[in-house]
Amino acid sequence: MTKIVFMGTPAFSVPILEGLLEAGYEVAAVVTQPDRPVGRKKTITPTPVKEAALKHGLLVLQPEKISGSPEMEQIQALAPDLLITAAFGQFLPSALLEVPKYGAINVHASLLPKYRGGAPVHYAIMEGEQETGVTIMEMIKKMDAGGIFAQARLPITAQDDVGTMFDKLSLLGKDLLLETVPKILSGELQSVPQEEAKVTFSPNISREQEAIDWQKTAVQIDAQVRGMRPWPIAFTTQNGNRWKLWQVTPLEQTTTAPPGTIIERTKKTLLIACGEGTVLAIDELQPAGKGRQDIAAFLNGSGQQIQKGDQVGTYEA
């Protein structure tokens, strides 16, 4: 029986782990990030992968840093045939990559060489891509740069956000991995080098990227909102107050108002001018210190003072 060490952290990784177990592979250990404080109360919370692994009675290792750790020594002692990662969240040292008999492979949520890095799904949506996918790749020391074993594609719809795409890509990645692993083990499948000229990157989202630039078009801002939902959530400010934007709709109408200007305000609508004369409707937001609200609840509650002609964010002519 093929002995696997699986490394993953978020919910994206769980169906992939469970797919390996359902297929009958021996998962000798599961490596995931340490428990972290979550929420306003900073409750120490295990990762989704840890919860799944414990449910199946698997050995769980949680190194703060894998390189040189006792946990790495445990993995070396297990002598796995294959190491599989899926959104683990740490770089793996060469000494670890060299341990498995059949090498180390990664389930990456993009069509490499596009979007190497930690936030490929976010960037694919924010950049307005019409499709994305998953790549089964050989792991080398350079980030997401190893040869490609297999890829599968998936369309991105106008309704998709990071949450929906993670769910879809996780299941797609599970199926593709289960198709690919036997071919790797048998030697039937060899990796193909990535085209370096086509490489793009998707580093973790910065605080600055979360802020909406109203000089972008309504379609671009909608892509930013969906590309940051359900985390970290795009935001704007109005009169010093921060609004997190959960749902917006680009409209067909146009305007000559400067970007960031509120051009219509009724009891149920809030329309804002964007770049190139485009218009965006705010459907759902979250004012500072409050929960998510549809726009009618906000405008008839804490947003009663909002008026046509007010500005959101910052605008520089």
# chains A, B, ... in the order shown; residues from 1 in each chain; ligands from 1
call {"tool": "residues_around", "arguments": {"residues": "stretch 297-312 of chain A", "least_positions_apart": "6", "cutoff": "6 Å", "atoms": "only C-alpha atoms", "output": "ChimeraX atom specification"}}
result
/A:237-238,260-265
call {"tool": "write_last_selection", "arguments": {"atoms": "all heavy atoms", "output": "compact mmCIF listing (two decimals), in the first residue's frame"}}
result
# COMPACT_ATOMS: atom_id res chain seq x y z
N THR A 237 -14.44 54.04 2.50
CA THR A 237 -14.74 54.90 3.64
C THR A 237 -15.72 55.99 3.20
O THR A 237 -15.76 56.39 2.04
CB THR A 237 -13.47 55.57 4.20
OG1 THR A 237 -12.81 56.29 3.15
CG2 THR A 237 -12.52 54.53 4.77
N GLN A 238 -16.50 56.46 4.17
CA GLN A 238 -17.43 57.56 3.91
C GLN A 238 -17.47 58.42 5.16
O GLN A 238 -17.84 57.96 6.24
CB GLN A 238 -18.82 57.02 3.57
CG GLN A 238 -19.73 58.02 2.88
CD GLN A 238 -20.35 59.02 3.85
OE1 GLN A 238 -20.73 58.67 4.97
NE2 GLN A 238 -20.46 60.27 3.42
N GLY A 260 -16.51 58.01 -7.15
CA GLY A 260 -16.66 58.09 -5.70
C GLY A 260 -17.81 58.96 -5.26
O GLY A 260 -18.06 59.10 -4.06
N THR A 261 -18.56 59.53 -6.20
CA THR A 261 -19.70 60.37 -5.87
C THR A 261 -20.97 59.53 -5.76
O THR A 261 -21.25 58.70 -6.64
CB THR A 261 -19.92 61.45 -6.94
OG1 THR A 261 -18.73 62.21 -7.10
CG2 THR A 261 -21.06 62.38 -6.57
N ILE A 262 -21.75 59.74 -4.71
CA ILE A 262 -23.06 59.11 -4.61
C ILE A 262 -24.01 59.86 -5.54
O ILE A 262 -24.27 61.05 -5.36
CB ILE A 262 -23.58 59.12 -3.16
CG1 ILE A 262 -22.67 58.25 -2.28
CG2 ILE A 262 -25.02 58.64 -3.10
CD1 ILE A 262 -22.99 58.28 -0.81
N ILE A 263 -24.50 59.17 -6.58
CA ILE A 263 -25.32 59.84 -7.59
C ILE A 263 -26.82 59.57 -7.42
O ILE A 263 -27.64 60.24 -8.04
CB ILE A 263 -24.88 59.46 -9.02
CG1 ILE A 263 -25.05 57.95 -9.26
CG2 ILE A 263 -23.45 59.91 -9.27
CD1 ILE A 263 -24.88 57.56 -10.71
N GLU A 264 -27.16 58.60 -6.61
CA GLU A 264 -28.57 58.33 -6.32
C GLU A 264 -28.68 57.70 -4.95
O GLU A 264 -27.92 56.81 -4.60
CB GLU A 264 -29.19 57.41 -7.38
CG GLU A 264 -30.68 57.16 -7.16
CD GLU A 264 -31.30 56.30 -8.25
OE1 GLU A 264 -30.94 56.50 -9.44
OE2 GLU A 264 -32.12 55.43 -7.92
N ARG A 265 -29.66 58.21 -4.20
CA ARG A 265 -29.90 57.67 -2.85
C ARG A 265 -31.39 57.68 -2.61
O ARG A 265 -32.03 58.73 -2.57
CB ARG A 265 -29.17 58.53 -1.82
CG ARG A 265 -29.13 57.89 -0.42
CD ARG A 265 -30.26 58.43 0.44
NE ARG A 265 -30.02 58.15 1.84
CZ ARG A 265 -30.88 57.55 2.66
NH1 ARG A 265 -32.06 57.15 2.20
NH2 ARG A 265 -30.58 57.35 3.91
call {"tool": "residues_around", "arguments": {"residues": "A:Lys244", "least_positions_apart": "3", "cutoff": "10 Å", "atoms": "only C-alpha atoms", "output": "MDAnalysis selection string"}}
result
chainID A and resid 210:212 225 232:237 247 284:288 291:292
call {"tool": "residues_around", "arguments": {"residues": "A:Val134", "least_positions_apart": "4", "cutoff": "8 Å", "atoms": "only C-alpha atoms", "output": "list in words"}}
result
Val107, His108, Ala109, Ser110, Leu111, Gln151, Ala152, Arg153, Leu169, Leu172 and Gly173 of chain A
call {"tool": "residues_around", "arguments": {"residues": "A:Leu177", "least_positions_apart": "3", "cutoff": "12 Å", "atoms": "only C-alpha atoms", "output": "ChimeraX atom specification"}}
result
/A:13,15-20,23,84-86,105-108,134-137,149-152,169-174,180-184
call {"tool": "write_last_selection", "arguments": {"atoms": "C-alpha atoms", "output": "short mmCIF file (atom, residue, chain, number, x, y, z; two decimals), in the first residue's frame"}}
result
data_model
loop_
_atom_site.label_atom_id
_atom_site.label_comp_id
_atom_site.auth_asym_id
_atom_site.auth_seq_id
_atom_site.Cartn_x
_atom_site.Cartn_y
_atom_site.Cartn_z
CA SER A 13 -7.68 20.87 1.55
CA PRO A 15 -12.01 17.04 0.39
CA ILE A 16 -8.58 16.29 -1.09
CA LEU A 17 -7.46 14.53 2.11
CA GLU A 18 -10.75 12.66 2.42
CA GLY A 19 -10.56 11.63 -1.25
CA LEU A 20 -7.22 9.97 -0.62
CA ALA A 23 -9.49 5.74 -2.39
CA ILE A 84 1.09 15.57 -1.09
CA THR A 85 0.40 19.20 -0.24
CA ALA A 86 -2.71 21.30 -0.79
CA ILE A 105 3.39 16.90 -5.39
CA ASN A 106 1.13 19.87 -4.83
CA VAL A 107 -2.52 20.57 -5.66
CA HIS A 108 -2.40 24.24 -6.67
CA VAL A 134 -6.18 23.27 -10.61
CA THR A 135 -2.69 22.03 -11.34
CA ILE A 136 -1.04 18.88 -10.00
CA MET A 137 2.61 19.84 -9.94
CA PHE A 149 1.67 16.58 -14.17
CA ALA A 150 -1.95 17.48 -14.94
CA GLN A 151 -4.43 20.35 -15.11
CA ALA A 152 -8.20 20.74 -15.10
CA LEU A 169 -11.73 23.86 -7.10
CA SER A 170 -11.33 21.68 -4.04
CA LEU A 171 -13.58 18.99 -5.54
CA LEU A 172 -11.94 19.40 -8.95
CA GLY A 173 -8.53 19.06 -7.33
CA LYS A 174 -9.58 15.92 -5.47
CA THR A 180 -3.02 11.49 -11.45
CA VAL A 181 -1.44 9.70 -8.47
CA PRO A 182 -1.63 6.16 -9.92
CA LYS A 183 0.02 7.39 -13.13
CA ILE A 184 2.84 9.03 -11.15
#
call {"tool": "residues_around", "arguments": {"residues": "A:Val121", "least_positions_apart": "6", "cutoff": "8 Å", "atoms": "only C-alpha atoms", "output": "JSON, numbers by chain"}}
result
{"A": [109, 110, 132, 162, 165, 166, 227]}
call {"tool": "atom_distance", "arguments": {"atom1": "atom CA of A:Asp175", "atom2": "atom CA of A:Ala158"}}
result
24.6 Å
call {"tool": "atom_distance", "arguments": {"atom1": "atom CA of A:Gly147", "atom2": "atom CA of A:Gln194"}}
result
5.8 Å
call {"tool": "residues_around", "arguments": {"residues": "stretch 58-65 of chain A", "least_positions_apart": "6", "cutoff": "7 Å", "atoms": "only C-alpha atoms", "output": "ChimeraX atom specification"}}
result
/A:28-34,50,71
call {"tool": "residues_around", "arguments": {"residues": "A:Asp81", "least_positions_apart": "6", "cutoff": "12 Å", "atoms": "only C-alpha atoms", "output": "NGL selection string"}}
result
:A and (1-6 or 25-28 or 75 or 97-105 or 181 or 184-185)
call {"tool": "closest_residue", "arguments": {"among": "A:Ala273, A:Arg207, A:Gly313, A:Val219", "to": "A:Trp243", "atoms": "only C-alpha atoms"}}
result
A:Gly313
call {"tool": "decode", "arguments": {"residues": "stretch 49-189 of chain A", "atoms": "C-alpha atoms", "output": "compact mmCIF listing (two decimals), in the first residue's frame"}}
result
# COMPACT_ATOMS: atom_id res chain seq x y z
CA VAL A 49 -7.61 19.84 8.07
CA LYS A 50 -6.76 19.01 11.69
CA GLU A 51 -10.43 18.54 12.50
CA ALA A 52 -10.87 16.21 9.53
CA ALA A 53 -7.72 14.25 10.33
CA LEU A 54 -8.72 13.70 13.95
CA LYS A 55 -12.15 12.55 12.82
CA HIS A 56 -10.39 9.81 10.85
CA GLY A 57 -8.00 8.97 13.70
CA LEU A 58 -4.89 10.13 11.83
CA LEU A 59 -1.59 11.30 13.29
CA VAL A 60 -1.53 15.13 13.23
CA LEU A 61 1.68 17.18 13.22
CA GLN A 62 1.58 20.97 13.65
CA PRO A 63 5.01 22.58 13.31
CA GLU A 64 5.26 26.35 13.66
CA LYS A 65 8.01 26.06 11.07
CA ILE A 66 8.60 22.75 9.33
CA SER A 67 12.29 23.24 8.52
CA GLY A 68 14.51 21.64 11.16
CA SER A 69 11.57 20.80 13.40
CA PRO A 70 10.96 17.59 15.40
CA GLU A 71 7.91 17.10 13.18
CA MET A 72 10.14 17.05 10.11
CA GLU A 73 12.20 14.33 11.75
CA GLN A 74 8.98 12.37 12.34
CA ILE A 75 8.09 12.64 8.65
CA GLN A 76 11.57 11.47 7.67
CA ALA A 77 11.23 8.51 10.04
CA LEU A 78 7.87 7.56 8.49
CA ALA A 79 9.63 7.23 5.09
CA PRO A 80 6.51 8.00 3.01
CA ASP A 81 6.26 6.93 -0.61
CA LEU A 82 4.64 10.22 -1.57
CA LEU A 83 4.21 13.65 0.00
CA ILE A 84 1.09 15.57 -1.09
CA THR A 85 0.40 19.20 -0.24
CA ALA A 86 -2.71 21.30 -0.79
CA ALA A 87 -2.64 24.86 0.57
CA PHE A 88 -0.34 23.96 3.46
CA GLY A 89 0.96 27.50 3.89
CA GLN A 90 4.70 26.97 4.50
CA PHE A 91 7.75 26.52 2.30
CA LEU A 92 9.14 23.00 2.40
CA PRO A 93 12.92 22.53 2.69
CA SER A 94 14.82 20.51 0.12
CA ALA A 95 15.71 17.91 2.78
CA LEU A 96 12.00 17.15 3.17
CA LEU A 97 11.20 17.14 -0.56
CA GLU A 98 13.89 14.49 -1.04
CA VAL A 99 12.39 12.07 1.51
CA PRO A 100 9.49 10.44 -0.43
CA LYS A 101 10.33 7.65 -2.85
CA TYR A 102 8.04 9.10 -5.54
CA GLY A 103 8.65 12.74 -4.68
CA ALA A 104 6.38 15.51 -3.48
CA ILE A 105 3.39 16.90 -5.39
CA ASN A 106 1.13 19.87 -4.83
CA VAL A 107 -2.52 20.57 -5.66
CA HIS A 108 -2.40 24.24 -6.67
CA ALA A 109 -5.57 26.28 -7.28
CA SER A 110 -4.57 27.92 -10.56
CA LEU A 111 -3.62 27.08 -14.11
CA LEU A 112 0.13 27.36 -13.66
CA PRO A 113 2.29 29.12 -14.63
CA LYS A 114 -0.40 31.75 -13.95
CA TYR A 115 -0.79 32.88 -10.36
CA ARG A 116 2.03 31.29 -8.46
CA GLY A 117 1.76 32.16 -4.78
CA GLY A 118 -0.61 32.17 -1.84
CA ALA A 119 -3.76 33.81 -3.26
CA PRO A 120 -4.34 32.40 -6.77
CA VAL A 121 -8.14 32.28 -6.52
CA HIS A 122 -8.39 35.86 -5.27
CA TYR A 123 -6.28 37.17 -8.14
CA ALA A 124 -8.02 35.14 -10.84
CA ILE A 125 -11.36 36.72 -9.87
CA MET A 126 -9.97 40.23 -9.30
CA GLU A 127 -8.20 40.19 -12.65
CA GLY A 128 -11.43 39.33 -14.43
CA GLU A 129 -10.35 35.89 -15.64
CA GLN A 130 -13.05 33.88 -17.39
CA GLU A 131 -11.64 30.58 -16.13
CA THR A 132 -9.24 29.10 -13.64
CA GLY A 133 -8.48 25.56 -12.54
CA VAL A 134 -6.18 23.27 -10.61
CA THR A 135 -2.69 22.03 -11.34
CA ILE A 136 -1.04 18.88 -10.00
CA MET A 137 2.61 19.84 -9.94
CA GLU A 138 5.97 18.52 -8.86
CA MET A 139 7.30 20.33 -5.81
CA ILE A 140 10.71 21.94 -5.93
CA LYS A 141 12.30 24.47 -3.59
CA LYS A 142 11.24 27.44 -5.77
CA MET A 143 7.64 28.45 -5.05
CA ASP A 144 5.08 26.80 -7.36
CA ALA A 145 7.72 26.43 -10.07
CA GLY A 146 7.86 22.65 -10.45
CA GLY A 147 6.85 20.67 -13.51
CA ILE A 148 3.18 20.08 -14.29
CA PHE A 149 1.67 16.58 -14.17
CA ALA A 150 -1.95 17.48 -14.94
CA GLN A 151 -4.43 20.35 -15.11
CA ALA A 152 -8.20 20.74 -15.10
CA ARG A 153 -10.14 23.90 -16.00
CA LEU A 154 -13.22 25.53 -14.53
CA PRO A 155 -15.19 28.63 -15.64
CA ILE A 156 -15.55 31.64 -13.35
CA THR A 157 -19.10 33.02 -13.50
CA ALA A 158 -20.21 36.57 -12.73
CA GLN A 159 -21.71 35.26 -9.48
CA ASP A 160 -18.62 33.43 -8.24
CA ASP A 161 -16.50 34.64 -5.35
CA VAL A 162 -13.49 33.20 -3.54
CA GLY A 163 -15.71 31.02 -1.38
CA THR A 164 -17.65 29.41 -4.22
CA MET A 165 -14.51 28.92 -6.32
CA PHE A 166 -12.61 27.32 -3.44
CA ASP A 167 -15.45 24.84 -3.01
CA LYS A 168 -15.50 23.99 -6.72
CA LEU A 169 -11.73 23.86 -7.10
CA SER A 170 -11.33 21.68 -4.04
CA LEU A 171 -13.58 18.99 -5.54
CA LEU A 172 -11.94 19.40 -8.95
CA GLY A 173 -8.53 19.06 -7.33
CA LYS A 174 -9.58 15.92 -5.47
CA ASP A 175 -10.76 14.23 -8.66
CA LEU A 176 -7.72 15.29 -10.66
CA LEU A 177 -5.33 14.14 -7.93
CA LEU A 178 -6.96 10.71 -7.70
CA GLU A 179 -6.65 10.35 -11.49
CA THR A 180 -3.02 11.49 -11.45
CA VAL A 181 -1.44 9.70 -8.47
CA PRO A 182 -1.63 6.16 -9.92
CA LYS A 183 0.02 7.39 -13.13
CA ILE A 184 2.84 9.03 -11.15
CA LEU A 185 3.38 5.90 -9.06
CA SER A 186 3.48 3.66 -12.15
CA GLY A 187 5.85 5.97 -14.01
CA GLU A 188 3.30 6.43 -16.78
CA LEU A 189 3.14 10.20 -16.24
